[in-house]
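Colleague: Sharing a structure with you now.
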Amino acid sequence: MKNDILKTVVSVEEIDNICKRLGAQISEDYKDKKPVVIGLLKGCLPFMSDLLKYITTYVTLDYMSVSSYNGGTSSTGAITIKRDIESNVEGKDIIIVDDIIDTAITLTNIVEHFKKKNVKSVRICTLLDKPSGRVVPLVPDYAGTIIPNEFVVGYGLDYKGFYRNLPFVGVLKEEVYKK
Ligand code: PRP
């Protein structure tokens with residue numbers, strides 16, 4: 001599987017440093033709060049797992065799974081919730097964790113979804129930010145690193161469902177797409 005990777009974009013060491021930095025920042029910002037950390041499946045899994053190890057305040061966890069339709073009629077597209085959270089988040093501080101923000105259609109819709117549920121506050125934490133891909137403006141509250149406009153896989157990100165289990169983020173060799 002590793003042989004399919006052309007180059008590393010974010011290494012194992014860089015990912016660990018990002019998780020430490022963001023974990024410390026979140027711990028400080030939420031030291032007097034008990035936020036609900038909500039992961040967006042499936043891509044959030046490795047990042048959320050590592051990030052949580054560096055969060056030292058009280059948190060509860062939940063997960064949701066959505067599909068986005070970027071070719072929708074509205075400028076911000078639309079999402080369908082495939083699996084919703086189990087917690088009641090009304091009046092709660094929530095942090096949404098994801099692996100990447102590209103067009104920002106997914107997260108913009110999710111933020112609106114939670115505002116309608118009357119959360120106290122909502123913030124976004126992403127490992128990767130690809131500002132060049134934006135269709136709607138969105139600045140994440142916590143971002144690991146900015147990446148260029150390349151299709152990346154690994155550490156939660158997939159191509160045809162594979163590569164999520166790579167411990168780093170990288171670019172696939174062109175020949176892999178041609179298979
Ligand atoms: C990916 C990623 C984000 C979203 C970002 O999820 O995990 O949730 O796309 O894209 P956007 O900013 O352009 O909306 P995907 O829908 O591929 O599901 P997955 O996490 O199961 O891979």
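Following the order of the structure tokens, first chain is A, next is B, and so on, with residues numbered from 1 inside each chain and ligands from 1 in the order they appear.
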Return as a CSV table (one decimal) with N, CA, C and O atoms, in the first residue's frame every polymer residue, whether protein, DNA or RNA, with at least one atom no more than 6 Å from an atom of ligand 1; count only C-alpha atoms and all ligand atoms.
Modeller:
```csv
chain,number,residue,atom,x,y,z
A,41,LEU,N,-17.6,11.0,10.7
A,41,LEU,CA,-17.1,9.7,10.1
A,41,LEU,C,-17.1,9.7,8.6
A,41,LEU,O,-17.9,10.5,8.0
A,42,LYS,N,-16.2,9.0,7.9
A,42,LYS,CA,-15.3,8.1,8.5
A,42,LYS,C,-13.9,8.7,8.7
A,42,LYS,O,-13.1,8.3,9.5
A,43,GLY,N,-13.7,9.8,8.0
A,43,GLY,CA,-12.3,10.4,7.9
A,43,GLY,C,-11.7,10.9,9.2
A,43,GLY,O,-10.5,11.0,9.4
A,67,SER,N,-23.4,12.8,4.0
A,67,SER,CA,-23.0,12.8,2.6
A,67,SER,C,-23.3,14.3,2.1
A,67,SER,O,-24.2,14.9,2.5
A,98,ASP,N,-12.8,17.0,12.1
A,98,ASP,CA,-12.8,16.4,10.7
A,98,ASP,C,-11.4,16.3,10.2
A,98,ASP,O,-10.5,17.0,10.8
A,99,ASP,N,-11.2,15.5,9.2
A,99,ASP,CA,-9.8,15.4,8.7
A,99,ASP,C,-9.4,16.5,7.7
A,99,ASP,O,-8.3,16.9,7.7
A,100,ILE,N,-10.4,17.0,6.9
A,100,ILE,CA,-10.1,18.0,5.9
A,100,ILE,C,-11.2,18.9,5.6
A,100,ILE,O,-12.4,18.5,5.6
A,101,ILE,N,-10.9,20.2,5.4
A,101,ILE,CA,-11.9,21.1,4.8
A,101,ILE,C,-11.4,21.5,3.5
A,101,ILE,O,-10.3,22.0,3.3
A,102,ASP,N,-12.2,21.2,2.5
A,102,ASP,CA,-11.9,21.5,1.1
A,102,ASP,C,-12.8,22.6,0.6
A,102,ASP,O,-12.6,23.8,0.7
A,103,THR,N,-14.0,22.2,0.0
A,103,THR,CA,-15.0,23.2,-0.5
A,103,THR,C,-15.6,23.9,0.7
A,103,THR,O,-16.1,25.0,0.6
A,104,ALA,N,-15.6,23.3,1.9
A,104,ALA,CA,-16.3,23.7,3.1
A,104,ALA,C,-17.8,23.6,3.1
A,104,ALA,O,-18.5,24.0,4.0
A,105,ILE,N,-18.3,22.9,2.1
A,105,ILE,CA,-19.7,22.7,2.0
A,105,ILE,C,-20.2,21.8,3.1
A,105,ILE,O,-21.2,22.1,3.8
A,106,THR,N,-19.5,20.8,3.4
A,106,THR,CA,-19.9,19.8,4.5
A,106,THR,C,-20.0,20.6,5.8
A,106,THR,O,-21.0,20.6,6.5
A,157,LEU,N,-8.0,9.9,5.3
A,157,LEU,CA,-8.5,10.2,3.9
A,157,LEU,C,-8.3,9.1,3.0
A,157,LEU,O,-7.3,8.4,3.0
A,158,ASP,N,-9.4,8.9,2.1
A,158,ASP,CA,-9.4,7.7,1.3
A,158,ASP,C,-9.4,8.0,-0.2
A,158,ASP,O,-9.7,9.1,-0.6
```
Colleague: Can you list, as a list in words, every protein, DNA or RNA residue that comes within 7 Å of range 12-28 of chain A when you count only C-alpha atoms, leaving out same-chain residues fewer than 5 positions away?
Modeller: Asp50, Leu51, Leu52, Tyr54, Ile55, Thr56, Thr57, Tyr142, Gly144, Pro167 and Phe168 of chain A
Colleague: List as a ChimeraX atom specification the protein and nucleic acid residues near Arg164 in chain A, meaning an atom at most 12 Å away when only C-alpha atoms are counted, but skip any in the same chain fewer than 5 places from it.
Modeller: /A:1-2,41-47,99,152-159,169-170
Colleague: Could the residues in this selection be saved with all heavy atoms as a compact mmCIF listing (two decimals), in the first residue's frame?
Modeller:
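File written: out-v7.txt
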```
# COMPACT_ATOMS: atom_id res chain seq x y z
N MET A 1 0.83 -1.21 0.00
CA MET A 1 0.00 0.00 0.00
C MET A 1 0.87 1.27 0.00
O MET A 1 0.59 2.21 -0.74
CB MET A 1 -0.91 -0.03 1.22
CG MET A 1 -1.83 1.17 1.32
SD MET A 1 -2.88 1.17 2.78
CE MET A 1 -1.70 1.12 4.10
N LYS A 2 1.93 1.26 0.82
CA LYS A 2 2.80 2.44 0.89
C LYS A 2 3.48 2.71 -0.44
O LYS A 2 3.84 3.86 -0.73
CB LYS A 2 3.87 2.26 1.98
CG LYS A 2 3.37 2.67 3.36
CD LYS A 2 4.50 2.65 4.38
CE LYS A 2 3.98 3.00 5.76
NZ LYS A 2 4.93 2.76 6.82
N LEU A 41 -17.58 10.96 10.69
CA LEU A 41 -17.12 9.68 10.13
C LEU A 41 -17.11 9.73 8.61
O LEU A 41 -17.91 10.46 8.03
CB LEU A 41 -18.05 8.56 10.61
CG LEU A 41 -18.04 8.34 12.12
CD1 LEU A 41 -19.17 7.38 12.53
CD2 LEU A 41 -16.70 7.80 12.60
N LYS A 42 -16.25 8.99 7.90
CA LYS A 42 -15.30 8.09 8.55
C LYS A 42 -13.93 8.73 8.73
O LYS A 42 -13.11 8.25 9.49
CB LYS A 42 -15.10 6.82 7.69
CG LYS A 42 -16.37 6.09 7.36
CD LYS A 42 -16.05 4.87 6.45
CE LYS A 42 -17.31 4.09 6.19
NZ LYS A 42 -17.66 4.09 4.76
N GLY A 43 -13.70 9.83 8.00
CA GLY A 43 -12.35 10.39 7.92
C GLY A 43 -11.75 10.89 9.22
O GLY A 43 -10.53 10.98 9.36
N CYS A 44 -12.61 11.23 10.19
CA CYS A 44 -12.09 11.83 11.43
C CYS A 44 -11.33 10.86 12.31
O CYS A 44 -10.59 11.27 13.21
CB CYS A 44 -13.26 12.39 12.26
SG CYS A 44 -14.26 11.09 13.03
N LEU A 45 -11.52 9.56 12.08
CA LEU A 45 -11.15 8.56 13.09
C LEU A 45 -9.70 8.63 13.60
O LEU A 45 -9.49 8.81 14.81
CB LEU A 45 -11.49 7.16 12.56
CG LEU A 45 -11.60 6.08 13.63
CD1 LEU A 45 -12.66 5.07 13.26
CD2 LEU A 45 -10.28 5.38 13.84
N PRO A 46 -8.67 8.54 12.75
CA PRO A 46 -7.31 8.56 13.30
C PRO A 46 -6.97 9.90 13.98
O PRO A 46 -6.38 9.91 15.07
CB PRO A 46 -6.41 8.33 12.08
CG PRO A 46 -7.29 7.85 11.00
CD PRO A 46 -8.67 8.36 11.29
N PHE A 47 -7.36 10.99 13.35
CA PHE A 47 -7.05 12.31 13.90
C PHE A 47 -7.74 12.52 15.24
O PHE A 47 -7.13 12.96 16.22
CB PHE A 47 -7.46 13.39 12.89
CG PHE A 47 -7.31 14.80 13.39
CD1 PHE A 47 -6.12 15.22 13.97
CD2 PHE A 47 -8.35 15.72 13.27
CE1 PHE A 47 -5.96 16.53 14.43
CE2 PHE A 47 -8.20 17.03 13.72
CZ PHE A 47 -7.01 17.43 14.30
N ASP A 99 -11.17 15.51 9.19
CA ASP A 99 -9.81 15.36 8.65
C ASP A 99 -9.43 16.48 7.70
O ASP A 99 -8.28 16.90 7.66
CB ASP A 99 -9.64 13.98 7.96
CG ASP A 99 -10.75 13.68 6.96
OD1 ASP A 99 -11.67 14.51 6.79
OD2 ASP A 99 -10.69 12.60 6.34
N VAL A 152 -5.09 14.26 -1.62
CA VAL A 152 -4.28 13.53 -0.64
C VAL A 152 -5.05 12.37 -0.02
O VAL A 152 -6.27 12.40 0.06
CB VAL A 152 -3.75 14.48 0.47
CG1 VAL A 152 -2.70 15.43 -0.08
CG2 VAL A 152 -4.88 15.25 1.13
N VAL A 153 -4.30 11.39 0.41
CA VAL A 153 -4.88 10.22 1.09
C VAL A 153 -4.08 9.94 2.36
O VAL A 153 -2.99 10.47 2.55
CB VAL A 153 -4.86 8.95 0.19
CG1 VAL A 153 -5.72 9.13 -1.05
CG2 VAL A 153 -3.44 8.53 -0.17
N GLY A 154 -4.63 9.07 3.19
CA GLY A 154 -3.93 8.62 4.39
C GLY A 154 -4.45 9.30 5.64
O GLY A 154 -5.06 10.36 5.59
N TYR A 155 -4.24 8.65 6.77
CA TYR A 155 -4.61 9.19 8.09
C TYR A 155 -6.10 9.64 8.08
O TYR A 155 -6.43 10.74 8.46
CB TYR A 155 -3.67 10.33 8.47
CG TYR A 155 -3.66 10.61 9.96
CD1 TYR A 155 -3.13 9.69 10.87
CD2 TYR A 155 -4.16 11.80 10.46
CE1 TYR A 155 -3.12 9.95 12.23
CE2 TYR A 155 -4.16 12.08 11.81
CZ TYR A 155 -3.64 11.15 12.69
OH TYR A 155 -3.62 11.42 14.03
N GLY A 156 -6.92 8.76 7.56
CA GLY A 156 -8.37 9.03 7.53
C GLY A 156 -8.90 9.35 6.14
O GLY A 156 -10.07 9.13 5.86
N LEU A 157 -8.03 9.86 5.28
CA LEU A 157 -8.48 10.25 3.93
C LEU A 157 -8.34 9.07 2.98
O LEU A 157 -7.31 8.39 2.98
CB LEU A 157 -7.67 11.44 3.43
CG LEU A 157 -7.88 12.71 4.25
CD1 LEU A 157 -6.58 13.27 4.74
CD2 LEU A 157 -8.64 13.73 3.44
N ASP A 158 -9.37 8.89 2.13
CA ASP A 158 -9.39 7.68 1.29
C ASP A 158 -9.37 7.98 -0.20
O ASP A 158 -9.69 9.07 -0.65
CB ASP A 158 -10.64 6.86 1.60
CG ASP A 158 -11.91 7.50 1.02
OD1 ASP A 158 -12.18 8.67 1.34
OD2 ASP A 158 -12.61 6.83 0.22
N TYR A 159 -9.00 6.94 -0.94
CA TYR A 159 -9.27 6.87 -2.38
C TYR A 159 -9.96 5.53 -2.60
O TYR A 159 -9.39 4.48 -2.29
CB TYR A 159 -7.97 6.95 -3.20
CG TYR A 159 -8.20 6.72 -4.70
CD1 TYR A 159 -8.99 7.58 -5.44
CD2 TYR A 159 -7.62 5.63 -5.35
CE1 TYR A 159 -9.21 7.37 -6.78
CE2 TYR A 159 -7.84 5.41 -6.71
CZ TYR A 159 -8.64 6.28 -7.41
OH TYR A 159 -8.87 6.07 -8.75
N VAL A 169 -0.03 11.50 5.72
CA VAL A 169 -0.83 12.01 4.59
C VAL A 169 0.08 12.15 3.39
O VAL A 169 1.18 12.70 3.50
CB VAL A 169 -1.47 13.37 4.95
CG1 VAL A 169 -2.24 13.94 3.76
CG2 VAL A 169 -2.38 13.24 6.16
N GLY A 170 -0.38 11.64 2.25
CA GLY A 170 0.47 11.71 1.06
C GLY A 170 -0.32 11.81 -0.22
O GLY A 170 -1.55 11.76 -0.22
```
Colleague: Considering only C-alpha atoms, return as a PDB file with C-alpha atoms, in the first residue's frame whatever protein or nucleic-acid residues lie within 12 Å of Ser87 in chain A, sequence-local ones (same chain, fewer than 4 positions apart) excluded.
Modeller:
```
ATOM      1  CA  PRO A  35     -17.522  20.297  25.416  1.00  0.00           C
ATOM      2  CA  VAL A  36     -19.018  17.556  23.270  1.00  0.00           C
ATOM      3  CA  VAL A  37     -16.406  16.519  20.696  1.00  0.00           C
ATOM      4  CA  ILE A  38     -18.222  15.362  17.560  1.00  0.00           C
ATOM      5  CA  THR A  60     -17.776  13.701  25.940  1.00  0.00           C
ATOM      6  CA  LEU A  61     -17.694  12.136  22.484  1.00  0.00           C
ATOM      7  CA  ASP A  62     -20.160  11.637  19.715  1.00  0.00           C
ATOM      8  CA  TYR A  63     -20.090  10.880  15.993  1.00  0.00           C
ATOM      9  CA  MET A  64     -22.046  11.643  12.886  1.00  0.00           C
ATOM     10  CA  GLY A  91     -27.058  24.554  25.335  1.00  0.00           C
ATOM     11  CA  LYS A  92     -23.749  22.691  24.982  1.00  0.00           C
ATOM     12  CA  ILE A  94     -19.470  21.519  20.748  1.00  0.00           C
ATOM     13  CA  PHE A 114     -26.095  22.587  15.052  1.00  0.00           C
ATOM     14  CA  LYS A 117     -30.268  22.786  17.616  1.00  0.00           C
ATOM     15  CA  VAL A 119     -25.974  24.785  20.871  1.00  0.00           C
TER      16      VAL A 119
END
```
Colleague: Rank nothing, just name the residue among A:Ile96, A:Val171, A:Met48, A:Leu107 nearest to Ser68 in chain A, using only C-alpha atoms.
Modeller: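 Answer, going by the shortest atom-to-atom distance: A:Leu107.
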Colleague: How far is it from CA of Glu90 in chain A to CA of Pro140 in chain A, in Å with one decimal?
Modeller: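 Between these atoms lies a distance of 21.7 Å.
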Colleague: Where in range 39-143 of chain A does DSSP assign strand (DSSP E or B), given as a ChimeraX atom specification?
Modeller: /A:39-41,60-69,78-83,93-101,121-129,142-143
Colleague: Would you please work out which residue, of A:Asn165, A:Leu128, A:Lys173, A:Thr108, is nearest to Asn149 in chain A when using only C-alpha atoms?
Modeller: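 So, comparing all the options, the nearest one is A:Leu128.
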Colleague: Which of chain A end up as alpha helix (DSSP H) when DSSP is run on this backbone - answer as a ChimeraX atom specification?
Modeller: /A:12-29,45-52,105-116,174-178
Colleague: Nearest to Val59 in chain A: which of A:Cys125, A:Ile147, A:Ile95, A:Ile85 is it, counting only C-alpha atoms?
Modeller: A:Ile95
Colleague: Out of A:Asp93, A:Asp141, A:Asp129, A:Glu175, which residue has the shortest atom-to-atom distance to Asp32 in chain A when counting only C-alpha atoms?
Modeller: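 Among A:Asp93, A:Asp141, A:Asp129, A:Glu175, it is A:Asp93 that comes nearest to Asp32 in chain A.
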Colleague: CA of Ile79 in chain A and CA of Ile110 in chain A are how many Å apart?
Modeller: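 Result for CA of Ile79 in chain A versus CA of Ile110 in chain A: 8.0 Å, one decimal.
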